[in-house]
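**Q** Input file: structure.txt. Contents: compact mmCIF, C-alpha atoms and all ligand atoms.
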```
# COMPACT_ATOMS: atom_id res chain seq x y z
CA MET A 195 21.49 -2.50 -20.13
CA ILE A 196 17.86 -1.44 -20.34
CA ALA A 197 17.21 2.28 -20.73
CA LEU A 198 14.92 4.11 -18.32
CA SER A 199 11.43 4.46 -19.70
CA ALA A 200 10.39 7.97 -20.71
CA ALA A 201 7.88 8.12 -17.84
CA LEU A 202 10.47 7.16 -15.27
CA ARG A 203 12.95 9.69 -16.63
CA ALA A 204 10.31 12.40 -16.44
CA SER A 205 9.41 11.59 -12.84
CA GLN A 206 13.05 11.52 -11.82
CA ALA A 207 13.69 14.91 -13.38
CA ALA A 208 10.58 16.39 -11.76
CA CYS A 209 11.53 15.05 -8.35
CA THR A 210 15.06 16.32 -8.46
CA SER A 211 13.72 19.81 -9.10
CA SER A 212 11.03 19.52 -6.41
CA ASN A 213 13.71 18.66 -3.85
CA ALA A 214 15.36 21.94 -4.72
CA ILE A 215 12.28 24.03 -4.02
CA PHE A 216 11.51 22.93 -0.49
CA ARG A 217 10.66 26.13 1.34
CA THR A 218 11.01 25.80 5.07
CA MET A 219 11.45 28.08 8.02
CA SER A 220 14.61 27.46 9.99
CA ALA A 221 14.73 25.56 13.32
CA ALA A 222 11.05 24.83 13.86
CA ALA A 223 9.52 23.74 17.18
CA ALA A 224 7.55 20.46 17.10
CA SER A 225 4.21 22.13 16.34
CA ASP A 226 5.41 25.13 14.28
CA LYS A 227 3.97 25.24 10.78
CA ILE A 228 6.44 24.38 8.02
CA LEU A 229 5.51 25.30 4.46
CA ILE A 230 6.58 22.91 1.71
CA GLU A 231 6.11 23.05 -2.05
CA VAL A 232 5.56 19.58 -3.42
CA GLN A 233 5.76 18.65 -7.09
CA PRO A 234 2.64 20.09 -8.84
CA PHE A 235 -0.19 17.64 -9.48
CA SER A 236 -1.38 16.70 -12.96
CA ALA A 237 -5.14 16.81 -13.40
CA HIS A 238 -7.79 15.26 -15.64
CA LYS A 239 -11.27 16.84 -15.66
CA ILE A 240 -10.76 18.42 -12.24
CA GLU A 241 -8.88 21.38 -10.81
CA ALA A 242 -5.66 20.27 -9.09
CA PRO A 243 -5.19 20.98 -5.37
CA SER A 244 -2.55 23.46 -4.27
CA ASN A 245 0.99 22.13 -4.20
CA LYS A 246 1.77 24.24 -1.15
CA VAL A 247 1.52 21.99 1.85
CA GLU A 248 1.70 22.74 5.55
CA THR A 249 3.29 20.34 7.96
CA THR A 250 4.97 20.26 11.38
CA LEU A 251 8.03 18.55 12.80
CA SER A 252 5.83 16.25 14.84
CA GLU A 253 3.92 15.20 11.73
CA LEU A 254 7.14 14.60 9.80
CA ARG A 255 8.48 12.58 12.71
CA ALA A 256 5.38 10.35 12.66
CA HIS A 257 5.67 9.82 8.89
CA TYR A 258 9.36 8.99 9.19
CA LEU A 259 8.76 6.53 12.00
CA PHE A 260 5.96 4.71 10.25
CA MET A 261 7.79 4.48 6.92
CA TYR A 262 10.95 3.26 8.63
CA ARG A 263 8.97 0.58 10.52
CA MET A 264 7.56 -0.66 7.21
CA ARG A 265 10.98 -0.62 5.58
CA ARG A 266 12.66 -2.63 8.34
CA MET A 267 9.78 -5.09 8.47
CA GLU A 268 10.03 -5.77 4.73
CA ILE A 269 13.81 -6.13 4.95
CA ALA A 270 13.29 -8.70 7.73
CA ALA A 271 10.74 -10.54 5.57
CA ASP A 272 13.29 -10.64 2.74
CA MET A 273 15.92 -12.15 5.04
CA MET A 274 13.53 -14.68 6.56
CA TYR A 275 12.38 -15.72 3.11
CA LYS A 276 15.95 -16.29 2.01
CA ALA A 277 16.50 -18.30 5.20
CA LYS A 278 13.52 -20.45 4.06
CA LEU A 279 11.44 -19.60 7.13
CA ILE A 280 8.82 -18.06 4.83
CA ARG A 281 7.51 -20.10 1.90
CA GLY A 282 5.25 -19.43 -1.05
CA PHE A 283 4.19 -16.05 -2.36
CA CYS A 284 5.73 -12.96 -0.81
CA HIS A 285 5.50 -9.47 -2.34
CA LEU A 286 7.40 -6.71 -0.56
CA TYR A 287 6.41 -3.04 -0.30
CA ASP A 288 9.77 -1.32 0.29
CA GLY A 289 10.11 1.76 -1.89
CA GLN A 290 6.36 2.37 -1.90
CA GLU A 291 6.00 3.37 1.78
CA ALA A 292 5.02 7.00 1.14
CA VAL A 293 1.88 5.90 -0.71
CA LEU A 294 0.28 4.08 2.21
CA THR A 295 1.57 6.55 4.80
CA GLY A 296 0.15 9.54 2.93
CA ILE A 297 -3.16 7.76 2.35
CA GLU A 298 -3.58 6.86 6.02
CA ALA A 299 -2.64 10.39 7.07
CA ALA A 300 -5.58 11.69 5.02
CA LEU A 301 -8.12 9.06 6.15
CA THR A 302 -9.73 7.92 9.35
CA LYS A 303 -9.87 4.28 10.37
CA GLN A 304 -13.60 4.38 9.59
CA ASP A 305 -12.71 4.73 5.89
CA SER A 306 -12.32 1.34 4.23
CA ILE A 307 -9.21 0.13 2.48
CA VAL A 308 -8.62 -2.85 0.21
CA THR A 309 -5.50 -3.73 -1.74
CA SER A 310 -3.63 -6.35 -3.72
CA TYR A 311 -1.28 -9.09 -2.52
CA ARG A 312 1.34 -6.41 -1.62
CA ASP A 313 -0.33 -5.99 1.75
CA HIS A 314 2.02 -6.55 4.71
CA CYS A 315 2.23 -2.86 5.55
CA HIS A 316 -1.52 -2.32 5.43
CA HIS A 317 -1.87 -4.62 8.40
CA ILE A 318 0.29 -2.32 10.52
CA SER A 319 -1.15 0.89 9.06
CA ARG A 320 -4.56 -0.34 10.29
CA GLY A 321 -3.29 -0.81 13.82
CA GLY A 322 -1.87 -4.35 13.67
CA THR A 323 1.60 -5.26 14.89
CA ILE A 324 4.80 -6.22 13.10
CA GLU A 325 4.79 -9.41 15.15
CA GLU A 326 1.37 -10.35 13.71
CA VAL A 327 2.67 -9.81 10.16
CA MET A 328 5.81 -11.86 10.75
CA ALA A 329 3.80 -14.62 12.45
CA GLU A 330 1.45 -14.72 9.47
CA LEU A 331 4.42 -14.99 7.11
CA PHE A 332 5.79 -17.86 9.22
CA GLY A 333 2.34 -19.54 9.20
CA ARG A 334 1.88 -19.22 12.98
CA SER A 335 -1.41 -19.20 14.89
CA THR A 336 -0.70 -15.72 16.32
CA GLY A 337 -0.52 -14.27 12.79
CA ALA A 338 -2.71 -11.52 11.32
CA THR A 339 -5.08 -14.15 9.92
CA LYS A 340 -4.13 -16.88 12.39
CA GLY A 341 -1.51 -18.36 10.10
CA LEU A 342 -4.11 -19.52 7.59
CA GLY A 343 -3.76 -16.77 5.00
CA GLY A 344 -0.07 -16.02 4.55
CA SER A 345 1.58 -13.10 2.82
CA MET A 346 -1.20 -12.21 0.39
CA HIS A 347 -4.11 -12.46 2.81
CA MET A 348 -3.71 -10.03 5.67
CA TYR A 349 -7.19 -8.91 6.73
CA ASN A 350 -8.73 -7.01 9.61
CA ARG A 351 -12.38 -6.29 9.25
CA LYS A 352 -12.62 -4.49 12.60
CA ALA A 353 -10.15 -1.92 11.28
CA ASN A 354 -11.96 -1.68 7.91
CA PHE A 355 -9.09 -3.40 6.13
CA TYR A 356 -10.49 -5.87 3.62
CA GLY A 357 -7.28 -7.57 2.46
CA GLY A 358 -4.94 -8.71 0.79
CA ASN A 359 -6.23 -10.05 -2.63
CA GLY A 360 -4.25 -12.48 -4.77
CA ILE A 361 -6.22 -12.07 -7.98
CA VAL A 362 -4.98 -9.07 -9.92
CA GLY A 363 -7.68 -6.38 -9.89
CA ALA A 364 -10.15 -8.34 -7.71
CA GLN A 365 -9.94 -5.67 -5.04
CA ILE A 366 -11.29 -2.99 -7.38
CA PRO A 367 -14.96 -4.08 -7.51
CA LEU A 368 -14.67 -5.09 -3.83
CA GLY A 369 -13.67 -1.49 -3.11
CA ALA A 370 -16.67 -0.23 -5.06
CA GLY A 371 -18.89 -2.47 -2.90
CA LEU A 372 -17.32 -1.11 0.28
CA ALA A 373 -17.90 2.46 -0.89
CA PHE A 374 -21.48 1.59 -1.80
CA ALA A 375 -21.97 0.29 1.77
CA HIS A 376 -20.69 3.57 3.22
CA LYS A 377 -23.12 5.53 1.11
CA TYR A 378 -26.03 3.16 1.83
CA ARG A 379 -25.44 3.49 5.57
CA LYS A 380 -25.12 7.28 5.19
CA GLU A 381 -21.63 7.23 6.72
CA PRO A 382 -19.23 10.13 6.12
CA ASN A 383 -16.59 7.74 4.79
CA VAL A 384 -14.89 6.65 1.60
CA ALA A 385 -13.39 3.40 0.40
CA ILE A 386 -9.93 3.29 -1.11
CA THR A 387 -9.06 0.54 -3.54
CA MET A 388 -5.37 0.24 -4.33
CA TYR A 389 -4.16 -1.51 -7.48
CA GLY A 390 -1.06 -1.60 -9.65
CA ASP A 391 -0.33 -0.19 -13.09
CA GLY A 392 -0.71 -3.73 -14.48
CA ALA A 393 -4.11 -4.18 -12.83
CA ALA A 394 -5.20 -0.83 -14.30
CA ASN A 395 -5.73 -2.62 -17.63
CA GLN A 396 -8.22 -5.11 -16.18
CA GLY A 397 -11.79 -5.22 -17.45
CA GLN A 398 -13.29 -5.44 -13.97
CA LYS A 399 -11.79 -2.05 -13.14
CA TYR A 400 -13.87 -0.44 -15.89
CA GLU A 401 -17.07 -2.18 -14.79
CA ALA A 402 -16.55 -0.99 -11.22
CA LEU A 403 -15.69 2.51 -12.43
CA ASN A 404 -18.83 2.66 -14.53
CA MET A 405 -21.15 1.60 -11.72
CA ALA A 406 -19.37 3.87 -9.24
CA ALA A 407 -19.83 6.84 -11.56
CA LEU A 408 -23.46 6.03 -12.31
CA TRP A 409 -24.28 5.82 -8.61
CA ASN A 410 -21.86 8.55 -7.42
CA ILE A 411 -20.40 6.31 -4.77
CA PRO A 412 -17.56 7.60 -2.56
CA ILE A 413 -14.62 5.61 -3.85
CA ILE A 414 -11.03 6.64 -4.50
CA PHE A 415 -9.33 4.45 -7.08
CA VAL A 416 -5.62 4.54 -6.24
CA CYS A 417 -3.31 3.31 -8.99
CA GLU A 418 0.09 2.66 -7.44
CA ASN A 419 2.17 3.08 -10.54
CA ASN A 420 5.45 1.36 -9.78
CA HIS A 421 6.04 1.20 -13.54
CA TYR A 422 6.04 -2.59 -13.91
CA GLY A 423 3.40 -5.31 -13.94
CA MET A 424 5.64 -8.20 -12.85
CA GLY A 425 8.47 -7.96 -15.42
CA THR A 426 6.52 -5.93 -18.00
CA ALA A 427 7.25 -2.21 -18.19
CA GLU A 428 4.25 0.12 -18.33
CA TRP A 429 5.04 1.26 -21.87
CA ARG A 430 4.76 -2.37 -22.99
CA HIS A 431 1.57 -3.25 -21.08
CA ALA A 432 -0.47 -0.05 -21.38
CA LYS A 433 -1.30 1.89 -24.54
CA ASN A 434 -2.12 4.87 -22.32
CA SER A 435 0.14 4.88 -19.27
CA SER A 436 -1.28 8.16 -17.90
CA PHE A 437 -3.38 6.10 -15.55
CA TYR A 438 -5.07 9.09 -13.92
CA THR A 439 -6.74 9.91 -17.26
CA ARG A 440 -8.17 6.46 -17.79
CA GLY A 441 -11.49 7.00 -16.05
CA ASP A 442 -12.78 8.78 -19.17
CA PHE A 443 -15.63 10.78 -17.50
CA VAL A 444 -14.22 10.15 -14.00
CA PRO A 445 -11.73 12.83 -12.90
CA GLY A 446 -8.17 11.96 -12.01
CA LEU A 447 -5.07 13.41 -10.38
CA LYS A 448 -1.45 12.34 -10.51
CA ALA A 449 0.99 12.89 -7.65
CA ASP A 450 4.54 12.01 -6.69
CA GLY A 451 4.01 8.78 -4.78
CA MET A 452 7.51 8.98 -3.28
CA ASP A 453 6.54 12.14 -1.39
CA VAL A 454 4.32 11.45 1.62
CA LEU A 455 3.20 15.08 1.83
CA ALA A 456 2.09 15.15 -1.80
CA VAL A 457 0.17 11.91 -1.27
CA LYS A 458 -1.55 13.20 1.86
CA GLN A 459 -2.52 16.42 0.07
CA VAL A 460 -4.01 14.68 -2.95
CA VAL A 461 -5.85 12.04 -0.90
CA SER A 462 -7.38 14.65 1.44
CA TYR A 463 -8.61 16.52 -1.62
CA ALA A 464 -9.90 13.34 -3.24
CA LYS A 465 -11.75 12.26 -0.10
CA LYS A 466 -13.67 15.53 -0.01
CA TYR A 467 -14.41 15.23 -3.74
CA ALA A 468 -15.53 11.59 -3.47
CA LEU A 469 -17.93 12.32 -0.60
CA GLU A 470 -19.51 15.18 -2.52
CA HIS A 471 -19.47 13.89 -6.08
CA GLY A 472 -18.44 10.24 -6.38
CA PRO A 473 -15.46 8.37 -7.82
CA ILE A 474 -12.05 9.81 -8.53
CA ILE A 475 -8.81 8.19 -9.74
CA LEU A 476 -5.41 8.94 -8.22
CA GLU A 477 -2.21 7.83 -9.91
CA LEU A 478 0.67 7.77 -7.45
CA ASP A 479 4.05 7.58 -9.14
CA THR A 480 6.19 5.20 -7.11
CA TYR A 481 8.79 2.43 -7.36
CA ARG A 482 9.33 -0.98 -5.81
CA TYR A 483 12.88 -1.72 -4.75
CA HIS A 484 12.51 -5.49 -4.64
CA GLY A 485 11.50 -7.68 -7.56
CA HIS A 486 7.81 -8.31 -8.12
CA SER A 487 7.88 -11.14 -5.58
CA MET A 488 10.61 -13.14 -3.89
CA SER A 489 10.95 -15.37 -6.94
CA ASP A 490 11.92 -12.36 -9.09
CA PRO A 491 15.43 -10.94 -8.67
CA GLY A 492 14.01 -7.74 -10.20
CA SER A 493 17.02 -6.95 -12.31
CA THR A 494 16.44 -8.79 -15.59
CA TYR A 495 13.90 -6.33 -17.02
CA ARG A 496 15.27 -3.17 -15.40
CA SER A 497 18.82 -2.05 -14.85
CA ARG A 498 20.69 -1.78 -11.56
CA ASP A 499 21.36 1.87 -12.50
CA GLU A 500 17.65 2.54 -12.62
CA ILE A 501 17.07 0.97 -9.20
CA ASN A 502 20.04 2.79 -7.67
CA ALA A 503 18.91 6.11 -9.14
CA MET A 504 15.48 5.67 -7.52
CA ARG A 505 17.03 4.85 -4.19
CA THR A 506 19.42 7.78 -4.20
CA GLU A 507 17.22 10.44 -5.77
CA ARG A 508 13.66 9.63 -4.73
CA ASP A 509 13.70 7.53 -1.59
CA PRO A 510 10.60 8.50 0.44
CA ILE A 511 12.24 7.98 3.83
CA GLU A 512 15.41 9.90 3.02
CA ARG A 513 13.24 12.75 1.75
CA VAL A 514 11.48 13.11 5.10
CA LYS A 515 14.74 12.64 6.99
CA LYS A 516 16.26 15.56 5.08
CA LEU A 517 13.23 17.71 5.86
CA LEU A 518 13.40 16.86 9.55
CA LEU A 519 17.09 17.70 9.78
CA ALA A 520 16.74 20.88 7.67
CA ASN A 521 14.15 22.10 10.16
CA GLY A 522 16.22 21.51 13.25
CA PHE A 523 15.13 18.02 14.32
CA ASP A 524 17.72 16.47 16.61
CA ALA A 525 19.94 14.04 14.66
CA ALA A 526 20.66 12.02 17.82
CA GLU A 527 16.91 11.58 18.40
CA LEU A 528 16.54 10.30 14.84
CA LYS A 529 19.29 7.73 15.41
CA LYS A 530 17.59 6.64 18.62
CA MET A 531 14.31 6.17 16.74
CA ASP A 532 16.07 4.04 14.11
CA LYS A 533 17.57 1.87 16.81
CA GLU A 534 14.23 1.37 18.51
CA VAL A 535 12.58 0.37 15.24
CA LYS A 536 15.31 -2.18 14.50
CA LYS A 537 14.79 -3.65 17.97
CA GLU A 538 11.02 -3.72 17.53
CA VAL A 539 11.44 -5.69 14.29
CA ASP A 540 14.07 -8.06 15.71
CA ASP A 541 11.89 -8.79 18.74
CA ALA A 542 8.83 -9.31 16.52
CA VAL A 543 10.72 -11.83 14.39
CA GLU A 544 11.89 -13.79 17.42
CA LYS A 545 8.45 -13.86 19.05
CA ALA A 546 6.79 -14.85 15.78
CA LYS A 547 9.30 -17.66 15.25
CA ALA A 548 8.52 -19.03 18.71
CA ALA A 549 4.73 -18.97 18.21
CA PRO A 550 2.85 -22.26 17.65
CA ILE A 551 1.70 -23.39 14.21
CA PRO A 552 -2.09 -23.73 13.86
CA PRO A 553 -3.57 -27.11 14.82
CA ASP A 554 -4.73 -29.26 11.88
CA HIS A 555 -8.42 -29.03 12.81
CA TRP A 556 -8.38 -25.26 12.12
CA LEU A 557 -8.39 -26.20 8.45
CA TRP A 558 -12.10 -26.95 8.84
CA LYS A 559 -13.02 -23.79 10.68
CA ASN A 560 -14.85 -20.93 9.01
CA VAL A 561 -14.69 -22.37 5.53
CA TYR A 562 -18.26 -21.10 5.26
CA ALA A 563 -19.65 -17.94 6.87
CA ALA A 564 -22.31 -19.77 8.88
CA PRO A 565 -22.81 -23.37 10.01
CA ALA A 566 -23.35 -25.40 6.87
CA ASN A 567 -24.90 -28.84 6.62
CA THR A 568 -22.17 -30.05 4.35
CA GLU A 569 -19.03 -32.11 4.35
CA LEU A 570 -15.66 -31.41 2.84
CA ARG A 571 -13.71 -34.22 1.23
CA LYS A 572 -10.22 -34.61 2.67
CA VAL A 573 -7.19 -35.56 0.58
CA ASP A 574 -7.09 -39.01 2.20
CA GLY A 575 -10.64 -39.71 1.00
CA GLY A 576 -12.45 -39.16 4.32
CA TYR A 577 -14.91 -36.37 5.08
CA ASN A 578 -14.97 -33.54 7.55
CA THR A 579 -17.78 -31.24 8.65
CA PRO A 580 -16.69 -27.58 8.64
CA ASP A 581 -17.35 -25.86 11.92
CA TYR A 582 -18.17 -22.20 12.37
CA ASP A 583 -16.82 -20.27 15.33
CA PRO A 584 -17.68 -16.56 15.34
CA GLU A 585 -15.24 -15.88 18.19
CA TYR A 586 -12.38 -17.39 16.24
CA LYS A 587 -13.26 -15.38 13.13
CA ASN A 588 -11.20 -12.28 12.49
C1 LIG B 1 -6.16 -12.38 -12.76
C2 LIG B 1 -4.69 -12.58 -12.56
N1 LIG B 1 -3.86 -12.59 -13.63
C3 LIG B 1 -2.53 -12.76 -13.47
C4 LIG B 1 -2.01 -12.94 -12.19
C5 LIG B 1 -0.49 -13.07 -12.00
N2 LIG B 1 0.03 -11.77 -11.57
C6 LIG B 1 0.25 -11.53 -10.26
S1 LIG B 1 0.78 -9.99 -9.99
C7 LIG B 1 0.76 -9.60 -11.64
C8 LIG B 1 1.20 -8.23 -12.11
C9 LIG B 1 0.47 -7.11 -11.48
O1 LIG B 1 1.17 -5.91 -11.63
P1 LIG B 1 0.67 -4.56 -11.04
O2 LIG B 1 -0.81 -4.50 -11.11
O3 LIG B 1 1.41 -3.46 -11.67
O4 LIG B 1 1.01 -4.64 -9.47
P2 LIG B 1 2.41 -4.63 -8.71
O5 LIG B 1 2.77 -6.07 -8.51
O6 LIG B 1 3.37 -3.89 -9.53
O7 LIG B 1 2.16 -4.00 -7.38
C10 LIG B 1 0.34 -10.69 -12.37
C11 LIG B 1 0.21 -10.70 -13.83
C12 LIG B 1 -2.91 -12.92 -11.09
N3 LIG B 1 -2.49 -13.04 -9.84
N4 LIG B 1 -4.23 -12.71 -11.30
MG MG B 2 3.09 -2.40 -10.98
```
So that I can check it, write out the structure of this file as structure tokens.
**A**
Amino acid sequence: MIALSAALRASQAACTSSNAIFRTMSAAAASDKILIEVQPFSAHKIEAPSNKVETTLSELRAHYLFMYRMRRMEIAADMMYKAKLIRGFCHLYDGQEAVLTGIEAALTKQDSIVTSYRDHCHHISRGGTIEEVMAELFGRSTGATKGLGGSMHMYNRKANFYGGNGIVGAQIPLGAGLAFAHKYRKEPNVAITMYGDGAANQGQKYEALNMAALWNIPIIFVCENNHYGMGTAEWRHAKNSSFYTRGDFVPGLKADGMDVLAVKQVVSYAKKYALEHGPIILELDTYRYHGHSMSDPGSTYRSRDEINAMRTERDPIERVKKLLLANGFDAAELKKMDKEVKKEVDDAVEKAKAAPIPPDHWLWKNVYAAPANTELRKVDGGYNTPDYDPEYKN
């Protein structure tokens, strides 16, 4: 049995007490203001935002619905993978739903977002469908990236979602570039680059951070601390695992990443800061329920007790469900929503399964950004000229 790390024990204790201090008015109408105290934020070189948060039943309902859609989609992906309908890399996001939901609630779709390989949910948070994600996982032509990218390479430029990156930390300098573009074009927007606790140790993060700080570019570095880099616990991979303090001169804030309201509050605050002053780091304390990827059972380097404790004490969806019910939301309506989500996911899986696989000649499309006078050698020794089709491009 592996003991809980000190950091995980601390976050569990803090969360248990924050559940106890929810302050709500009784039986709210959909738009009535509900006042919640979230777990206080930790701050590095910046004043922390207030931990008193206002919400409404209709907002909580939207958060619940979106998180539950993500959860069911990832559960379906798990089942389809085990049924061998999905092959190759596949990293699931269940457990971490409050992070993305809170981020999106604080942003507009004109703000840019870029993330790691754990990206299925970003496709739907940027307006894509569950069917497109499942089709991508099945390698079908109706998929998010036309069945050519797979699990790690969701991408939707029109929605300012820049992937889906398989190289650990690669999305961090890309995010800095996106933020630079916003500033250069004088847009009132930020870029968010999301990376794991493992990626937080990468050299390229510090280069991007340095340039971002020198040029005051509007970027929010979001470290999703799920406490493990593959099978390596944070206390083994990071000398300083207070990731929000690791920008040195760049300010940082830490929030409970299992609480969608805390995430929304800290990201709203960070967006304002980034637009006025430049980069800021957010560490969002979260947990992944599945193993690192489908090839990792997830229980050799952490105990079942630890996973169960996270699920029972900190689950982000259960937290919002409790808040909804405590404020008079109709339990029957909640059940109906759950049923509709399950049906949406089941239908998406069936439609995605029935979609065609991409034709072979797509392999040669859009290898380069513009028509190139070049040939690509095929595995059988012949050559093929790549063809560029702007309509076909995502
Ligand atoms: C440059 C590079 N090194 C190693 C890997 C293999 N690898 C994939 S994910 C990962 C761990 C990353 O952990 P973390 O940043 O905490 O993200 P999480 O998977 O927990 O979301 C490693 C080492 C890789 N893909 N790229
Ligand atoms: Mg991690």
**Q** In terms of the shortest atom-to-atom distance over only C-alpha atoms, which of A:Lys352, A:Arg379, A:His285, A:Arg263 is closest to Ser487 (chain A)?
**A** A:His285
**Q** Do you know which residues are within 6 Å of ligand MG 2 (chain B) using all atoms listed in the file? Can you write them as number ranges by chain?
**A** A: 390-392, 419-423
**Q** Could you give me, as a ChimeraX atom specification, the residues within 9 Å of region 436-442 of chain A, counting only C-alpha atoms and dropping anything in the same chain fewer than 6 positions from it?
**A** /A:236-239,391,394,400,403-404,416-417,419,448,474-478
**Q** Please identify every residue of chain A that has at least one atom no farther than 10 Å from an atom of ligand LIG 1 (chain B), counting all atoms listed in the file, and for each give the shortest atom pair and the distance in Å to one decimal, arranged by chain then increasing number, as JSON lines.
**A**
```
{"residue": "A:Phe283", "atom": "CA", "partner": "B:LIG1", "partner_atom": "C6", "distance": 9.9}
{"residue": "A:His285", "atom": "CA", "partner": "B:LIG1", "partner_atom": "O5", "distance": 7.6}
{"residue": "A:Leu286", "atom": "CA", "partner": "B:LIG1", "partner_atom": "O7", "distance": 9.0}
{"residue": "A:Tyr287", "atom": "CA", "partner": "B:LIG1", "partner_atom": "O7", "distance": 8.3}
{"residue": "A:Gln290", "atom": "CA", "partner": "B:LIG1", "partner_atom": "O7", "distance": 9.4}
{"residue": "A:Thr309", "atom": "CA", "partner": "B:LIG1", "partner_atom": "O7", "distance": 9.5}
{"residue": "A:Ser310", "atom": "CA", "partner": "B:LIG1", "partner_atom": "O7", "distance": 7.2}
{"residue": "A:Tyr311", "atom": "CA", "partner": "B:LIG1", "partner_atom": "S1", "distance": 7.8}
{"residue": "A:Arg312", "atom": "CA", "partner": "B:LIG1", "partner_atom": "O7", "distance": 6.3}
{"residue": "A:Asp313", "atom": "CA", "partner": "B:LIG1", "partner_atom": "O7", "distance": 9.7}
{"residue": "A:Asn359", "atom": "CA", "partner": "B:LIG1", "partner_atom": "N3", "distance": 8.7}
{"residue": "A:Gly360", "atom": "CA", "partner": "B:LIG1", "partner_atom": "N3", "distance": 5.4}
{"residue": "A:Ile361", "atom": "CA", "partner": "B:LIG1", "partner_atom": "N4", "distance": 3.9}
{"residue": "A:Val362", "atom": "CA", "partner": "B:LIG1", "partner_atom": "N4", "distance": 4.0}
{"residue": "A:Gly363", "atom": "CA", "partner": "B:LIG1", "partner_atom": "C1", "distance": 6.8}
{"residue": "A:Ala364", "atom": "CA", "partner": "B:LIG1", "partner_atom": "C1", "distance": 7.6}
{"residue": "A:Met388", "atom": "CA", "partner": "B:LIG1", "partner_atom": "O7", "distance": 9.2}
{"residue": "A:Tyr389", "atom": "CA", "partner": "B:LIG1", "partner_atom": "O2", "distance": 5.8}
{"residue": "A:Gly390", "atom": "CA", "partner": "B:LIG1", "partner_atom": "O2", "distance": 3.3}
{"residue": "A:Asp391", "atom": "CA", "partner": "B:LIG1", "partner_atom": "O3", "distance": 4.0}
{"residue": "A:Gly392", "atom": "CA", "partner": "B:LIG1", "partner_atom": "O2", "distance": 3.5}
{"residue": "A:Ala393", "atom": "CA", "partner": "B:LIG1", "partner_atom": "O2", "distance": 3.7}
{"residue": "A:Ala394", "atom": "CA", "partner": "B:LIG1", "partner_atom": "O2", "distance": 6.6}
{"residue": "A:Asn395", "atom": "CA", "partner": "B:LIG1", "partner_atom": "O2", "distance": 8.4}
{"residue": "A:Gln396", "atom": "CA", "partner": "B:LIG1", "partner_atom": "C1", "distance": 8.3}
{"residue": "A:Cys417", "atom": "CA", "partner": "B:LIG1", "partner_atom": "O2", "distance": 8.5}
{"residue": "A:Glu418", "atom": "CA", "partner": "B:LIG1", "partner_atom": "O7", "distance": 7.0}
{"residue": "A:Asn419", "atom": "CA", "partner": "B:LIG1", "partner_atom": "O3", "distance": 6.7}
{"residue": "A:Asn420", "atom": "CA", "partner": "B:LIG1", "partner_atom": "O6", "distance": 5.7}
{"residue": "A:His421", "atom": "CA", "partner": "B:LIG1", "partner_atom": "O3", "distance": 6.8}
{"residue": "A:Tyr422", "atom": "CA", "partner": "B:LIG1", "partner_atom": "O3", "distance": 5.2}
{"residue": "A:Gly423", "atom": "CA", "partner": "B:LIG1", "partner_atom": "O1", "distance": 3.3}
{"residue": "A:Met424", "atom": "CA", "partner": "B:LIG1", "partner_atom": "C8", "distance": 4.5}
{"residue": "A:Gly425", "atom": "CA", "partner": "B:LIG1", "partner_atom": "C8", "distance": 8.0}
{"residue": "A:Thr426", "atom": "CA", "partner": "B:LIG1", "partner_atom": "C8", "distance": 8.3}
{"residue": "A:Ala427", "atom": "CA", "partner": "B:LIG1", "partner_atom": "O3", "distance": 8.8}
{"residue": "A:Glu428", "atom": "CA", "partner": "B:LIG1", "partner_atom": "O3", "distance": 8.1}
{"residue": "A:His431", "atom": "CA", "partner": "B:LIG1", "partner_atom": "O3", "distance": 9.4}
{"residue": "A:Thr480", "atom": "CA", "partner": "B:LIG1", "partner_atom": "O6", "distance": 9.8}
{"residue": "A:Tyr481", "atom": "CA", "partner": "B:LIG1", "partner_atom": "O6", "distance": 8.6}
{"residue": "A:Arg482", "atom": "CA", "partner": "B:LIG1", "partner_atom": "O6", "distance": 7.6}
{"residue": "A:Gly485", "atom": "CA", "partner": "B:LIG1", "partner_atom": "O5", "distance": 8.9}
{"residue": "A:His486", "atom": "CA", "partner": "B:LIG1", "partner_atom": "O5", "distance": 5.5}
{"residue": "A:Ser487", "atom": "CA", "partner": "B:LIG1", "partner_atom": "O5", "distance": 7.8}
```
**Q** Residues around (9.5, -5.7, 2.0), cut-off 12 Å, counting only C-alpha atoms - what are they as number ranges by chain?
**A** A: 261-275, 284-291, 312-315, 327-328, 331, 345, 482-488
**Q** Just checking: using only C-alpha atoms, which residue out of A:Lys340, A:Pro243, A:Asn383, A:Ala432 ends up closest to Lys559 (chain A)?
**A** A:Lys340
**Q** Would you please work out which residue, of A:Asp226, A:Asp583, A:Ile414, A:His316, is nearest to Lys465 (chain A) when using all atoms listed in the file?
**A**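 Closest to Lys465 (chain A) of all the choices is A:Ile414.
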**Q** If we count all atoms listed in the file and set the cut-off at 9 Å, which residues sit around Gly522 (chain A), ignoring sequence neighbours fewer than 2 positions away in its own chain? Please answer as a PyMOL selection string.
**A** chain A and resi 220-223+251+517-520+524-525
**Q** Those residues you just picked out, can you put them in a file as a short mmCIF file (atom, residue, chain, number, x, y, z; two decimals), in the coordinates of the input with C-alpha atoms?
**A**
```cif
data_model
loop_
_atom_site.label_atom_id
_atom_site.label_comp_id
_atom_site.auth_asym_id
_atom_site.auth_seq_id
_atom_site.Cartn_x
_atom_site.Cartn_y
_atom_site.Cartn_z
CA SER A 220 14.61 27.46 9.99
CA ALA A 221 14.73 25.56 13.32
CA ALA A 222 11.05 24.83 13.86
CA ALA A 223 9.52 23.74 17.18
CA LEU A 251 8.03 18.55 12.80
CA LEU A 517 13.23 17.71 5.86
CA LEU A 518 13.40 16.86 9.55
CA LEU A 519 17.09 17.70 9.78
CA ALA A 520 16.74 20.88 7.67
CA ASP A 524 17.72 16.47 16.61
CA ALA A 525 19.94 14.04 14.66
#
```
